[in-house]
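Below is upload.tsv, holding TSV, C-alpha atoms.
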```tsv
chain	number	residue	atom	x	y	z
Y	580	MET	CA	0.00	0.00	0.00
Y	581	ILE	CA	1.22	3.49	-0.87
Y	582	ARG	CA	-0.05	6.39	1.20
Y	583	ARG	CA	0.68	10.01	1.97
Y	584	ASP	CA	0.62	11.67	5.39
Y	585	ALA	CA	2.04	14.85	6.88
Y	586	LYS	CA	5.57	13.36	6.70
Y	587	GLY	CA	5.32	12.42	3.01
Y	588	LEU	CA	4.88	9.18	1.08
Y	589	SER	CA	5.27	5.75	2.66
Y	590	ALA	CA	4.90	2.12	1.62
Y	591	TYR	CA	3.43	-0.68	3.72
Y	592	VAL	CA	4.41	-4.29	2.94
Y	593	PRO	CA	1.90	-6.57	4.69
Y	594	LYS	CA	3.82	-9.87	4.27
Y	595	LYS	CA	6.74	-8.32	6.17
Y	596	ASP	CA	4.57	-6.11	8.43
Y	597	LEU	CA	6.85	-3.26	7.38
Y	598	GLU	CA	6.08	0.41	6.85
Y	599	GLU	CA	8.85	2.65	5.56
Y	600	PRO	CA	9.02	6.20	4.19
Y	601	ILE	CA	9.68	6.59	0.48
Y	602	VAL	CA	12.92	8.59	0.23
Y	603	GLU	CA	13.53	8.63	-3.54
Y	604	THR	CA	11.47	8.13	-6.70
Y	605	GLU	CA	12.51	7.50	-10.29
Y	606	ARG	CA	9.65	9.61	-11.69
Y	607	ASP	CA	7.86	12.69	-10.45
Y	608	SER	CA	4.52	11.03	-11.14
Y	609	LEU	CA	5.53	8.05	-8.91
Y	610	TRP	CA	3.84	5.41	-11.07
Y	611	GLY	CA	5.64	3.17	-13.55
Y	612	GLY	CA	9.08	3.59	-12.02
Y	613	TRP	CA	10.99	2.55	-8.93
Y	614	VAL	CA	10.90	3.98	-5.44
Y	615	ARG	CA	13.54	3.64	-2.71
Y	616	LEU	CA	12.44	3.06	0.87
Y	617	LYS	CA	14.30	4.35	3.90
Y	618	ASN	CA	15.54	0.82	4.68
Y	619	GLY	CA	17.21	0.63	1.24
Y	620	TRP	CA	14.66	-1.55	-0.54
Y	621	MET	CA	13.75	-0.60	-4.09
Y	622	LEU	CA	10.26	-1.36	-5.35
Y	623	ASP	CA	9.01	-1.26	-8.94
Y	624	LEU	CA	5.56	0.33	-9.03
Y	625	PRO	CA	2.99	-0.37	-11.75
Y	626	ASP	CA	1.95	2.18	-14.39
Y	627	MET	CA	-1.08	4.05	-13.08
Y	628	ASP	CA	-2.77	7.36	-13.77
Y	629	ALA	CA	-0.86	10.25	-12.17
Y	630	ARG	CA	-4.15	11.36	-10.55
Y	631	THR	CA	-4.57	8.06	-8.65
Y	632	ARG	CA	-5.84	8.85	-5.18
Y	633	LEU	CA	-3.90	7.67	-2.15
Y	634	PRO	CA	-3.93	5.46	-0.17
Y	635	VAL	CA	-3.91	2.70	-2.79
Y	636	THR	CA	-2.99	-0.96	-2.73
Y	637	VAL	CA	-0.65	-1.94	-5.58
Y	638	ASN	CA	1.26	-4.97	-6.78
Y	639	ALA	CA	4.87	-3.79	-6.40
Y	640	LYS	CA	7.95	-5.93	-7.06
Y	641	LYS	CA	11.05	-5.74	-4.90
Y	642	ARG	CA	14.31	-5.30	-6.80
Y	643	GLY	CA	17.40	-7.28	-5.85
Y	644	GLY	CA	15.82	-10.52	-4.64
Y	645	GLU	CA	14.07	-11.45	-1.44
Y	646	ASP	CA	15.37	-11.34	2.12
```

Please rewrite the model in this file as structure tokens.
Amino acid sequence: MIRRDAKGLSAYVPKKDLEEPIVETERDSLWGGWVRLKNGWMLDLPDMDARTRLPVTVNAKKRGGED
């Protein structure tokens, strides 16, 4: 799940029960590129409309293998 709060964007990964701030994005529009989480993980986000309302659940893929 990707959401925005007063601190900025964050990603929640339910299988790991992990919520981390998004610290870097490949694209300004967020969608269709990668994002880097504070813990160093990089996630590939799907292509979506730039006007997609948050929070939203997405199918993101982790880059660099699984822990």

Could you check which of Y:Asp626, Y:Trp613, Y:Ala585, Y:Trp620 is closest to Glu599 (chain Y), using all atoms listed in the file? Y:Trp620

Can you work out the spacing between CA of Leu633 (chain Y) and CA of Thr604 (chain Y) in Å, to one decimal?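 That distance, rounded to one decimal, is 16.0 Å.
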
Across Y:Ile581, Y:Val635, Y:Leu597, Y:Leu588, the smallest distance to Asn618 (chain Y), with all atoms listed in the file counted, is shown by Y:Leu597

If I take CA of Asp623 (chain Y) and CA of Ser608 (chain Y), how far is one from the other in Å, to one decimal? 13.3 Å

Using all atoms listed in the file, give me every residue within 12 Å of (-1.8, 6.3, 2.6) in file coordinates, as a VMD selection string. chain Y and resid 580 to 591 598 to 601 631 to 637

Considering all atoms listed in the file, can you say which of Y:Glu603, Y:Val592, Y:Arg630, Y:Lys640 comes closest to Lys617 (chain Y)?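 Of the candidates, the smallest distance to Lys617 (chain Y) is held by Y:Glu603.
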
Atomic separation - CA of Lys594 (chain Y) relative to CA of Met627 (chain Y), Å: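 Value for the CA of Met627 (chain Y)-CA of Lys594 (chain Y) distance: 22.8 Å.
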
Please determine, counting all atoms listed in the file, which residue among Y:Met621, Y:Ala629, Y:Ala639, Y:Lys595 has the shortest atom-to-atom distance to Asp607 (chain Y).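 Among the listed residues, the smallest separation from Asp607 (chain Y) belongs to Y:Ala629.
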